[in-house]
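Data file: my_file24.pdb. Format and content: PDB, C-alpha atoms, pLDDT in the B column.
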```pdb
ATOM      1  CA  ALA A 106    -116.502 185.532 -45.141  1.00 90.00           C
ATOM      2  CA  GLY A 107    -115.651 189.111 -44.143  1.00 92.00           C
ATOM      3  CA  TYR A 108    -112.230 188.261 -42.726  1.00 93.00           C
ATOM      4  CA  ASP A 109    -110.800 191.347 -44.453  1.00 90.00           C
ATOM      5  CA  ARG A 110    -113.192 193.694 -42.629  1.00 91.00           C
ATOM      6  CA  MET A 111    -113.632 192.038 -39.277  1.00 92.00           C
ATOM      7  CA  THR A 112    -114.207 193.937 -36.040  1.00 94.00           C
ATOM      8  CA  VAL A 113    -113.836 192.950 -32.388  1.00 95.00           C
ATOM      9  CA  ARG A 114    -117.036 192.775 -30.351  1.00 94.00           C
ATOM     10  CA  THR A 115    -116.711 192.766 -26.557  1.00 95.00           C
ATOM     11  CA  TYR A 116    -119.622 191.437 -24.509  1.00 96.00           C
ATOM     12  CA  GLU A 117    -118.433 191.321 -20.918  1.00 96.00           C
ATOM     13  CA  THR A 118    -115.267 192.137 -18.962  1.00 97.00           C
ATOM     14  CA  SER A 119    -114.511 191.388 -15.313  1.00 97.00           C
ATOM     15  CA  TRP A 120    -111.448 191.245 -13.093  1.00 96.00           C
ATOM     16  CA  GLU A 121    -110.397 189.515  -9.910  1.00 94.00           C
ATOM     17  CA  LYS A 122    -107.383 189.332  -7.629  1.00 93.00           C
ATOM     18  CA  LYS A 123    -105.852 185.906  -7.004  1.00 86.00           C
ATOM     19  CA  GLY A 124    -102.992 185.958  -4.512  1.00 85.00           C
ATOM     20  CA  GLY A 125    -100.415 188.325  -5.934  1.00 88.00           C
ATOM     21  CA  ASN A 126    -101.934 188.246  -9.428  1.00 94.00           C
ATOM     22  CA  VAL A 127    -104.671 190.236 -11.116  1.00 96.00           C
ATOM     23  CA  GLU A 128    -106.782 188.542 -13.809  1.00 96.00           C
ATOM     24  CA  ILE A 129    -108.833 190.365 -16.451  1.00 97.00           C
ATOM     25  CA  ILE A 130    -111.401 188.166 -18.219  1.00 97.00           C
ATOM     26  CA  THR A 131    -113.196 189.242 -21.395  1.00 97.00           C
ATOM     27  CA  ALA A 132    -115.784 187.506 -23.581  1.00 98.00           C
ATOM     28  CA  LEU A 133    -115.464 188.691 -27.177  1.00 96.00           C
ATOM     29  CA  SER A 134    -115.942 187.698 -30.800  1.00 97.00           C
ATOM     30  CA  LEU A 135    -114.540 188.495 -34.224  1.00 96.00           C
ATOM     31  CA  ALA A 136    -117.000 189.238 -36.999  1.00 95.00           C
ATOM     32  CA  ALA A 137    -117.695 191.469 -39.969  1.00 94.00           C
ATOM     33  CA  ILE A 138    -120.633 193.868 -39.780  1.00 90.00           C
ATOM     34  CA  PHE A 139    -123.940 192.174 -40.682  1.00 90.00           C
ATOM     35  CA  ILE A 140    -122.307 188.710 -40.556  1.00 92.00           C
ATOM     36  CA  GLN A 141    -122.454 186.243 -37.684  1.00 94.00           C
ATOM     37  CA  PRO A 142    -119.242 185.899 -35.611  1.00 95.00           C
ATOM     38  CA  PHE A 143    -116.699 183.505 -37.049  1.00 96.00           C
ATOM     39  CA  LEU A 144    -114.731 183.313 -33.772  1.00 97.00           C
ATOM     40  CA  ARG A 145    -115.871 183.414 -30.150  1.00 98.00           C
ATOM     41  CA  ILE A 146    -113.092 183.984 -27.629  1.00 98.00           C
ATOM     42  CA  GLN A 147    -112.665 183.883 -23.874  1.00 97.00           C
ATOM     43  CA  ALA A 148    -109.613 186.053 -23.148  1.00 97.00           C
ATOM     44  CA  ARG A 149    -107.784 185.956 -19.827  1.00 97.00           C
ATOM     45  CA  TRP A 150    -104.959 188.371 -19.036  1.00 97.00           C
ATOM     46  CA  THR A 151    -102.949 187.633 -15.869  1.00 96.00           C
ATOM     47  CA  VAL A 152    -100.552 190.230 -14.429  1.00 96.00           C
ATOM     48  CA  ASN A 153     -98.207 189.111 -11.649  1.00 93.00           C
ATOM     49  CA  GLY A 154     -96.263 191.140  -9.100  1.00 89.00           C
ATOM     50  CA  ALA A 155     -93.168 191.204 -11.311  1.00 89.00           C
ATOM     51  CA  GLY A 156     -95.118 192.838 -14.137  1.00 88.00           C
ATOM     52  CA  VAL A 157     -95.211 189.769 -16.384  1.00 95.00           C
ATOM     53  CA  VAL A 158     -98.410 189.707 -18.448  1.00 96.00           C
ATOM     54  CA  THR A 159     -99.666 186.281 -19.533  1.00 97.00           C
ATOM     55  CA  MET A 160    -102.434 185.989 -22.096  1.00 96.00           C
ATOM     56  CA  ASN A 161    -104.631 182.951 -22.646  1.00 97.00           C
ATOM     57  CA  LEU A 162    -107.198 182.815 -25.440  1.00 97.00           C
ATOM     58  CA  ASP A 163    -109.773 180.031 -25.601  1.00 98.00           C
ATOM     59  CA  VAL A 164    -110.998 180.191 -29.207  1.00 98.00           C
ATOM     60  CA  LYS A 165    -113.986 178.503 -30.864  1.00 98.00           C
ATOM     61  CA  LYS A 166    -114.519 178.805 -34.618  1.00 97.00           C
ATOM     62  CA  ASP A 167    -117.852 178.626 -36.434  1.00 96.00           C
ATOM     63  CA  PRO A 168    -117.551 175.621 -38.794  1.00 95.00           C
ATOM     64  CA  GLU A 169    -119.613 177.436 -41.443  1.00 94.00           C
ATOM     65  CA  PHE A 170    -116.604 179.662 -42.231  1.00 96.00           C
ATOM     66  CA  PRO A 171    -113.489 178.804 -44.295  1.00 94.00           C
ATOM     67  CA  PHE A 172    -110.066 178.229 -42.728  1.00 94.00           C
ATOM     68  CA  LEU A 173    -108.342 181.213 -41.132  1.00 95.00           C
ATOM     69  CA  PRO A 174    -105.409 182.957 -42.847  1.00 93.00           C
ATOM     70  CA  ARG A 175    -103.847 183.567 -39.419  1.00 94.00           C
ATOM     71  CA  PHE A 176    -104.758 184.173 -35.795  1.00 96.00           C
ATOM     72  CA  GLY A 177    -102.887 186.248 -33.261  1.00 96.00           C
ATOM     73  CA  LEU A 178    -102.324 189.608 -31.634  1.00 96.00           C
ATOM     74  CA  ARG A 179    -100.875 192.762 -33.197  1.00 96.00           C
ATOM     75  CA  LEU A 180     -98.902 195.275 -31.124  1.00 97.00           C
ATOM     76  CA  PHE A 181     -97.647 198.736 -32.085  1.00 98.00           C
ATOM     77  CA  LEU A 182     -94.342 199.649 -30.418  1.00 97.00           C
ATOM     78  CA  PRO A 183     -92.246 202.837 -30.649  1.00 97.00           C
ATOM     79  CA  LYS A 184     -90.166 202.777 -33.836  1.00 95.00           C
ATOM     80  CA  GLU A 185     -87.016 202.967 -31.702  1.00 96.00           C
ATOM     81  CA  PHE A 186     -87.568 199.277 -30.902  1.00 97.00           C
ATOM     82  CA  GLY A 187     -85.602 198.272 -33.966  1.00 96.00           C
ATOM     83  CA  GLY A 188     -83.379 195.487 -32.655  1.00 97.00           C
ATOM     84  CA  VAL A 189     -84.745 191.941 -32.781  1.00 98.00           C
ATOM     85  CA  GLU A 190     -83.479 188.700 -31.256  1.00 98.00           C
ATOM     86  CA  TYR A 191     -85.454 185.491 -31.639  1.00 98.00           C
ATOM     87  CA  PHE A 192     -85.321 181.729 -31.341  1.00 98.00           C
ATOM     88  CA  ALA A 193     -87.236 180.450 -34.356  1.00 97.00           C
ATOM     89  CA  TYR A 194     -86.771 179.358 -37.950  1.00 97.00           C
ATOM     90  CA  GLY A 195     -84.557 181.943 -39.628  1.00 94.00           C
ATOM     91  CA  PRO A 196     -82.816 183.977 -40.797  1.00 95.00           C
ATOM     92  CA  TYR A 197     -85.172 183.952 -43.792  1.00 94.00           C
ATOM     93  CA  GLU A 198     -88.966 184.092 -43.648  1.00 95.00           C
ATOM     94  CA  SER A 199     -90.627 180.792 -42.771  1.00 96.00           C
ATOM     95  CA  TYR A 200     -94.181 179.478 -43.105  1.00 95.00           C
ATOM     96  CA  LEU A 201     -95.878 176.100 -42.735  1.00 93.00           C
ATOM     97  CA  ASP A 202     -95.451 175.470 -46.462  1.00 91.00           C
ATOM     98  CA  LYS A 203     -92.295 177.534 -47.035  1.00 90.00           C
ATOM     99  CA  HIS A 204     -89.338 177.064 -44.670  1.00 92.00           C
ATOM    100  CA  ARG A 205     -86.792 174.713 -46.229  1.00 92.00           C
ATOM    101  CA  ALA A 206     -84.280 177.562 -46.622  1.00 92.00           C
ATOM    102  CA  SER A 207     -84.472 178.353 -42.892  1.00 94.00           C
ATOM    103  CA  ARG A 208     -83.213 176.516 -39.838  1.00 96.00           C
ATOM    104  CA  LEU A 209     -84.114 176.602 -36.153  1.00 97.00           C
ATOM    105  CA  GLY A 210     -81.760 178.782 -34.121  1.00 97.00           C
ATOM    106  CA  VAL A 211     -81.136 182.066 -32.319  1.00 98.00           C
ATOM    107  CA  TYR A 212     -80.833 185.100 -34.598  1.00 97.00           C
ATOM    108  CA  ALA A 213     -80.315 188.848 -34.174  1.00 97.00           C
ATOM    109  CA  GLN A 214     -81.457 191.255 -36.884  1.00 96.00           C
ATOM    110  CA  ARG A 215     -82.736 194.773 -37.430  1.00 96.00           C
ATOM    111  CA  VAL A 216     -86.417 195.338 -38.158  1.00 96.00           C
ATOM    112  CA  ASP A 217     -85.746 197.086 -41.478  1.00 93.00           C
ATOM    113  CA  ALA A 218     -83.525 194.231 -42.652  1.00 94.00           C
ATOM    114  CA  MET A 219     -86.249 191.642 -41.987  1.00 95.00           C
ATOM    115  CA  HIS A 220     -88.648 193.071 -44.573  1.00 94.00           C
ATOM    116  CA  GLU A 221     -88.844 191.045 -47.804  1.00 92.00           C
ATOM    117  CA  ASP A 222     -89.063 193.673 -50.520  1.00 91.00           C
ATOM    118  CA  TYR A 223     -91.341 191.967 -53.006  1.00 92.00           C
ATOM    119  CA  ILE A 224     -92.165 194.033 -56.100  1.00 93.00           C
ATOM    120  CA  MET A 225     -95.852 193.693 -55.228  1.00 92.00           C
ATOM    121  CA  PRO A 226     -96.240 194.269 -51.463  1.00 93.00           C
ATOM    122  CA  GLN A 227     -97.740 191.307 -49.628  1.00 91.00           C
ATOM    123  CA  GLU A 228     -97.474 189.222 -46.474  1.00 90.00           C
ATOM    124  CA  ASN A 229     -93.796 188.648 -45.710  1.00 93.00           C
ATOM    125  CA  SER A 230     -91.127 187.901 -43.113  1.00 93.00           C
ATOM    126  CA  SER A 231     -93.067 185.785 -40.647  1.00 96.00           C
ATOM    127  CA  HIS A 232     -91.001 183.267 -38.642  1.00 97.00           C
ATOM    128  CA  MET A 233     -92.529 179.980 -37.493  1.00 96.00           C
ATOM    129  CA  GLY A 234     -91.475 177.700 -34.646  1.00 96.00           C
ATOM    130  CA  CYS A 235     -90.722 180.676 -32.387  1.00 97.00           C
ATOM    131  CA  ARG A 236     -90.042 180.133 -28.670  1.00 97.00           C
ATOM    132  CA  TYR A 237     -89.266 183.751 -27.861  1.00 98.00           C
ATOM    133  CA  VAL A 238     -88.781 187.085 -29.616  1.00 98.00           C
ATOM    134  CA  THR A 239     -87.234 190.181 -28.020  1.00 98.00           C
ATOM    135  CA  LEU A 240     -87.424 193.728 -29.355  1.00 98.00           C
ATOM    136  CA  THR A 241     -85.142 196.405 -27.920  1.00 97.00           C
ATOM    137  CA  ASP A 242     -84.386 200.104 -28.292  1.00 96.00           C
ATOM    138  CA  GLY A 243     -81.001 199.706 -26.619  1.00 94.00           C
ATOM    139  CA  ALA A 244     -82.261 200.670 -23.173  1.00 96.00           C
ATOM    140  CA  TYR A 245     -85.417 198.590 -22.731  1.00 96.00           C
ATOM    141  CA  ALA A 246     -86.499 195.234 -24.121  1.00 97.00           C
ATOM    142  CA  LEU A 247     -89.904 193.610 -24.627  1.00 97.00           C
ATOM    143  CA  THR A 248     -89.986 189.809 -24.842  1.00 97.00           C
ATOM    144  CA  ALA A 249     -92.835 187.572 -25.971  1.00 98.00           C
ATOM    145  CA  ALA A 250     -92.396 183.903 -25.047  1.00 97.00           C
ATOM    146  CA  ALA A 251     -94.524 180.763 -25.014  1.00 96.00           C
ATOM    147  CA  GLU A 252     -94.214 177.088 -24.126  1.00 94.00           C
ATOM    148  CA  GLN A 253     -95.738 176.091 -27.461  1.00 95.00           C
ATOM    149  CA  PRO A 254     -94.023 177.361 -30.643  1.00 97.00           C
ATOM    150  CA  PHE A 255     -95.744 180.297 -32.352  1.00 97.00           C
ATOM    151  CA  SER A 256     -95.139 182.541 -35.353  1.00 97.00           C
ATOM    152  CA  PHE A 257     -94.087 186.176 -35.221  1.00 97.00           C
ATOM    153  CA  ASN A 258     -93.702 189.018 -37.667  1.00 97.00           C
ATOM    154  CA  VAL A 259     -92.050 192.389 -37.072  1.00 97.00           C
ATOM    155  CA  SER A 260     -92.180 195.198 -39.619  1.00 97.00           C
ATOM    156  CA  PRO A 261     -92.166 198.974 -40.120  1.00 96.00           C
ATOM    157  CA  PHE A 262     -95.300 198.519 -42.278  1.00 97.00           C
ATOM    158  CA  THR A 263     -98.860 197.612 -41.339  1.00 96.00           C
ATOM    159  CA  GLN A 264    -100.796 194.856 -43.087  1.00 94.00           C
ATOM    160  CA  GLU A 265    -103.197 197.511 -44.341  1.00 94.00           C
ATOM    161  CA  GLU A 266    -100.312 199.384 -45.996  1.00 96.00           C
ATOM    162  CA  LEU A 267     -99.039 196.230 -47.706  1.00 95.00           C
ATOM    163  CA  THR A 268    -102.537 195.499 -49.005  1.00 93.00           C
ATOM    164  CA  ALA A 269    -103.282 199.010 -50.242  1.00 94.00           C
ATOM    165  CA  LYS A 270    -100.100 199.655 -52.246  1.00 95.00           C
ATOM    166  CA  GLY A 271     -99.474 198.084 -55.639  1.00 94.00           C
ATOM    167  CA  HIS A 272     -95.663 198.485 -55.806  1.00 96.00           C
ATOM    168  CA  ASP A 273     -92.827 198.257 -53.301  1.00 94.00           C
ATOM    169  CA  TYR A 274     -91.613 201.838 -53.881  1.00 95.00           C
ATOM    170  CA  GLU A 275     -95.021 203.182 -52.773  1.00 96.00           C
ATOM    171  CA  LEU A 276     -94.743 201.772 -49.246  1.00 96.00           C
ATOM    172  CA  SER A 277     -94.606 204.231 -46.347  1.00 96.00           C
ATOM    173  CA  PRO A 278     -93.467 203.204 -42.844  1.00 96.00           C
ATOM    174  CA  CYS A 279     -96.224 203.692 -40.275  1.00 96.00           C
ATOM    175  CA  GLY A 280     -93.861 205.387 -37.794  1.00 95.00           C
ATOM    176  CA  GLU A 281     -94.033 202.490 -35.345  1.00 97.00           C
ATOM    177  CA  THR A 282     -92.695 198.953 -35.085  1.00 97.00           C
ATOM    178  CA  VAL A 283     -95.493 196.496 -35.831  1.00 97.00           C
ATOM    179  CA  LEU A 284     -95.207 193.211 -33.915  1.00 98.00           C
ATOM    180  CA  CYS A 285     -97.540 190.306 -34.719  1.00 97.00           C
ATOM    181  CA  ILE A 286     -97.625 187.336 -32.341  1.00 98.00           C
ATOM    182  CA  ASP A 287     -99.538 184.547 -34.070  1.00 97.00           C
ATOM    183  CA  TYR A 288    -100.838 181.262 -32.731  1.00 97.00           C
ATOM    184  CA  LYS A 289    -100.487 179.975 -36.256  1.00 96.00           C
ATOM    185  CA  MET A 290    -100.486 181.219 -39.833  1.00 94.00           C
ATOM    186  CA  SER A 291    -101.784 179.246 -42.775  1.00 93.00           C
ATOM    187  CA  GLY A 292     -99.365 178.575 -45.606  1.00 91.00           C
ATOM    188  CA  VAL A 293     -98.813 181.302 -48.172  1.00 87.00           C
ATOM    189  CA  GLY A 294     -99.531 179.071 -51.186  1.00 83.00           C
ATOM    190  CA  SER A 295    -102.923 179.510 -52.842  1.00 73.00           C
ATOM    191  CA  ASN A 296    -104.828 178.468 -55.928  1.00 72.00           C
ATOM    192  CA  SER A 297    -104.564 181.890 -57.575  1.00 69.00           C
ATOM    193  CA  CYS A 298    -102.255 180.229 -60.102  1.00 69.00           C
ATOM    194  CA  GLY A 299    -102.019 176.658 -58.855  1.00 73.00           C
ATOM    195  CA  PRO A 300    -103.581 174.019 -56.590  1.00 82.00           C
ATOM    196  CA  GLU A 301    -105.460 174.780 -53.376  1.00 86.00           C
ATOM    197  CA  LEU A 302    -103.546 174.947 -50.117  1.00 89.00           C
ATOM    198  CA  LEU A 303    -103.181 171.410 -48.752  1.00 91.00           C
ATOM    199  CA  PRO A 304    -105.122 170.652 -45.526  1.00 91.00           C
ATOM    200  CA  GLN A 305    -101.974 170.243 -43.398  1.00 93.00           C
ATOM    201  CA  TYR A 306    -101.003 173.843 -44.161  1.00 93.00           C
ATOM    202  CA  ARG A 307    -104.350 175.376 -43.163  1.00 94.00           C
ATOM    203  CA  LEU A 308    -105.450 176.890 -39.858  1.00 95.00           C
ATOM    204  CA  GLU A 309    -108.858 175.227 -39.706  1.00 93.00           C
ATOM    205  CA  GLU A 310    -109.007 173.952 -36.127  1.00 95.00           C
ATOM    206  CA  GLY A 311    -112.500 174.172 -34.654  1.00 95.00           C
ATOM    207  CA  GLN A 312    -111.188 174.982 -31.187  1.00 97.00           C
ATOM    208  CA  PHE A 313    -107.776 175.927 -29.839  1.00 97.00           C
ATOM    209  CA  ASP A 314    -105.975 177.661 -26.972  1.00 97.00           C
ATOM    210  CA  PHE A 315    -103.246 180.248 -27.402  1.00 97.00           C
ATOM    211  CA  SER A 316    -101.063 181.376 -24.491  1.00 97.00           C
ATOM    212  CA  PHE A 317     -97.951 183.525 -24.283  1.00 97.00           C
ATOM    213  CA  SER A 318     -96.261 185.936 -21.858  1.00 97.00           C
ATOM    214  CA  LEU A 319     -94.971 189.484 -22.270  1.00 97.00           C
ATOM    215  CA  MET A 320     -92.026 190.713 -20.183  1.00 96.00           C
ATOM    216  CA  MET A 321     -90.446 194.174 -20.096  1.00 93.00           C
ATOM    217  CA  GLU A 322     -86.865 194.682 -18.971  1.00 90.00           C
TER     218      GLU A 322
END
```

Would you mind writing the file out in structure tokens?
Amino acid sequence: AGYDRMTVRTYETSWEKKGGNVEIITALSLAAIFIQPFLRIQARWTVNGAGVVTMNLDVKKDPEFPFLPRFGLRLFLPKEFGGVEYFAYGPYESYLDKHRASRLGVYAQRVDAMHEDYIMPQENSSHMGCRYVTLTDGAYALTAAAEQPFSFNVSPFTQEELTAKGHDYELSPCGETVLCIDYKMSGVGSNSCGPELLPQYRLEEGQFDFSFSLMME
């Protein structure tokens, strides 16, 4: 399907001022080169006078494509943002099909301590059911929050690094703190050595909205 080599295509961007807010509206799609788009998105960023940025994504998926592994936004923050507080399922990693060892609550951890050091590097340390997550460098704090629960992942490694390396000792930190804010992530089970992922653990919605806010203090 080309999910592993997708690019963002932007078709039109406009902005308007509404009262004390500024809205930036973009029509875009996600697709691999030479393949039709698998997602078409209307993105709306709203910035208010207090500096709070709210994002709303109206997403439509092409039904010809398989279910999505995940959908969200990835941010790169200075590596000094190493303190994490969150209200989600923790303190261990949690996914739709893997969270019985975790419980919903407020937790505080360090970014380095949240990495699950599997012998073969792979997706790890996402937390589902999140209401808010705050990253801090001790002086400033960035918070992502939403009315609807979402998943988040914070790591010193990029997804590309985890994919490229065959052993845990080969991993190299990217020099930044990688924050992923996901509308949803499909379960981590697969039929590589067992049954297919059950439908209730798949992100295969044909249309969905994803909204969250970013606040800097």

I'd like the box whose edges run along x, y and z of the file and which contains every listed atom of stretch 252-269 of chain A, padded by 5 Å per side; could you state its centre and edge lengths in Å, one decimal, as AutoDock Vina command-line options?
```
--center_x -97.7 --center_y 187.7 --center_z -37.2 --size_x 21.2 --size_y 33.3 --size_z 36.1
```

Between atom CA of A:Arg114 and atom CA of A:Cys235, distance in Å (one decimal):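 Separation between atom CA of A:Arg114 and atom CA of A:Cys235: 29.0 Å.
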
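Restricting the calculation to all atoms listed in the file, the smallest distance between A:Lys122 and any of A:Pro196, A:Gly177, A:Gly154, A:Gly271 is found for A:Gly154.
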
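If you apply the PyMOL selection byres ((chain A and resi 321) around 7) to this structure, you end up with Ala246, Leu247, Thr248, Leu319, Met320 and Glu322 of chain A.
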
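Here atom CA of A:Tyr116 is placed at a distance of 26.6 Å from atom CA of A:Gly156.
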
Please fill the gaps in stretch 289-308 of chain A so it has N, CA, C and O atoms, and write that as an mmCIF file, in the coordinates of the input.
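Below you can see result-v3.cif, which holds the result:
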```
data_model
loop_
_atom_site.group_PDB
_atom_site.id
_atom_site.type_symbol
_atom_site.label_atom_id
_atom_site.label_comp_id
_atom_site.auth_asym_id
_atom_site.auth_seq_id
_atom_site.Cartn_x
_atom_site.Cartn_y
_atom_site.Cartn_z
ATOM 1 N N LYS A 289 -100.851 180.723 -35.062
ATOM 2 C CA LYS A 289 -100.487 179.975 -36.256
ATOM 3 C C LYS A 289 -100.859 180.813 -37.472
ATOM 4 O O LYS A 289 -101.764 181.638 -37.415
ATOM 5 N N MET A 290 -100.145 180.583 -38.562
ATOM 6 C CA MET A 290 -100.486 181.219 -39.833
ATOM 7 C C MET A 290 -100.583 180.138 -40.899
ATOM 8 O O MET A 290 -99.729 179.257 -40.990
ATOM 9 N N SER A 291 -101.658 180.196 -41.679
ATOM 10 C CA SER A 291 -101.784 179.246 -42.775
ATOM 11 C C SER A 291 -100.658 179.469 -43.779
ATOM 12 O O SER A 291 -100.056 180.540 -43.833
ATOM 13 N N GLY A 292 -100.390 178.451 -44.590
ATOM 14 C CA GLY A 292 -99.365 178.575 -45.606
ATOM 15 C C GLY A 292 -99.665 179.690 -46.580
ATOM 16 O O GLY A 292 -100.813 180.129 -46.731
ATOM 17 N N VAL A 293 -98.639 180.173 -47.264
ATOM 18 C CA VAL A 293 -98.813 181.302 -48.172
ATOM 19 C C VAL A 293 -99.149 180.859 -49.595
ATOM 20 O O VAL A 293 -99.453 181.686 -50.452
ATOM 21 N N GLY A 294 -99.104 179.540 -49.873
ATOM 22 C CA GLY A 294 -99.531 179.071 -51.186
ATOM 23 C C GLY A 294 -101.034 179.221 -51.361
ATOM 24 O O GLY A 294 -101.790 179.229 -50.386
ATOM 25 N N SER A 295 -101.486 179.375 -52.584
ATOM 26 C CA SER A 295 -102.923 179.510 -52.842
ATOM 27 C C SER A 295 -103.199 178.971 -54.232
ATOM 28 O O SER A 295 -102.298 178.608 -54.975
ATOM 29 N N ASN A 296 -104.483 178.939 -54.583
ATOM 30 C CA ASN A 296 -104.828 178.468 -55.928
ATOM 31 C C ASN A 296 -105.091 179.626 -56.880
ATOM 32 O O ASN A 296 -105.843 179.503 -57.832
ATOM 33 N N SER A 297 -104.441 180.776 -56.640
ATOM 34 C CA SER A 297 -104.564 181.890 -57.575
ATOM 35 C C SER A 297 -103.926 181.522 -58.913
ATOM 36 O O SER A 297 -104.372 181.979 -59.967
ATOM 37 N N CYS A 298 -102.875 180.687 -58.862
ATOM 38 C CA CYS A 298 -102.255 180.229 -60.102
ATOM 39 C C CYS A 298 -101.777 178.789 -59.950
ATOM 40 O O CYS A 298 -100.803 178.375 -60.573
ATOM 41 N N GLY A 299 -102.428 178.030 -59.090
ATOM 42 C CA GLY A 299 -102.019 176.658 -58.855
ATOM 43 C C GLY A 299 -103.037 175.926 -58.007
ATOM 44 O O GLY A 299 -104.184 176.359 -57.891
ATOM 45 N N PRO A 300 -102.645 174.811 -57.382
ATOM 46 C CA PRO A 300 -103.581 174.019 -56.590
ATOM 47 C C PRO A 300 -103.961 174.707 -55.280
ATOM 48 O O PRO A 300 -103.280 175.618 -54.816
ATOM 49 N N GLU A 301 -105.047 174.255 -54.667
ATOM 50 C CA GLU A 301 -105.460 174.780 -53.376
ATOM 51 C C GLU A 301 -104.436 174.421 -52.307
ATOM 52 O O GLU A 301 -103.679 173.464 -52.439
ATOM 53 N N LEU A 302 -104.431 175.216 -51.238
ATOM 54 C CA LEU A 302 -103.546 174.947 -50.117
ATOM 55 C C LEU A 302 -103.910 173.596 -49.503
ATOM 56 O O LEU A 302 -105.079 173.329 -49.221
ATOM 57 N N LEU A 303 -102.922 172.735 -49.302
ATOM 58 C CA LEU A 303 -103.181 171.410 -48.752
ATOM 59 C C LEU A 303 -103.677 171.516 -47.306
ATOM 60 O O LEU A 303 -103.311 172.443 -46.574
ATOM 61 N N PRO A 304 -104.520 170.577 -46.861
ATOM 62 C CA PRO A 304 -105.122 170.652 -45.526
ATOM 63 C C PRO A 304 -104.119 170.811 -44.396
ATOM 64 O O PRO A 304 -104.386 171.530 -43.421
ATOM 65 N N GLN A 305 -102.948 170.167 -44.489
ATOM 66 C CA GLN A 305 -101.974 170.243 -43.398
ATOM 67 C C GLN A 305 -101.334 171.618 -43.249
ATOM 68 O O GLN A 305 -100.654 171.892 -42.263
ATOM 69 N N TYR A 306 -101.547 172.486 -44.223
ATOM 70 C CA TYR A 306 -101.003 173.843 -44.161
ATOM 71 C C TYR A 306 -102.064 174.890 -43.827
ATOM 72 O O TYR A 306 -101.794 176.087 -43.916
ATOM 73 N N ARG A 307 -103.263 174.451 -43.454
ATOM 74 C CA ARG A 307 -104.350 175.376 -43.163
ATOM 75 C C ARG A 307 -104.586 175.498 -41.656
ATOM 76 O O ARG A 307 -104.441 174.537 -40.918
ATOM 77 N N LEU A 308 -104.984 176.688 -41.227
ATOM 78 C CA LEU A 308 -105.450 176.890 -39.858
ATOM 79 C C LEU A 308 -106.969 176.718 -39.882
ATOM 80 O O LEU A 308 -107.706 177.661 -40.120
#
```
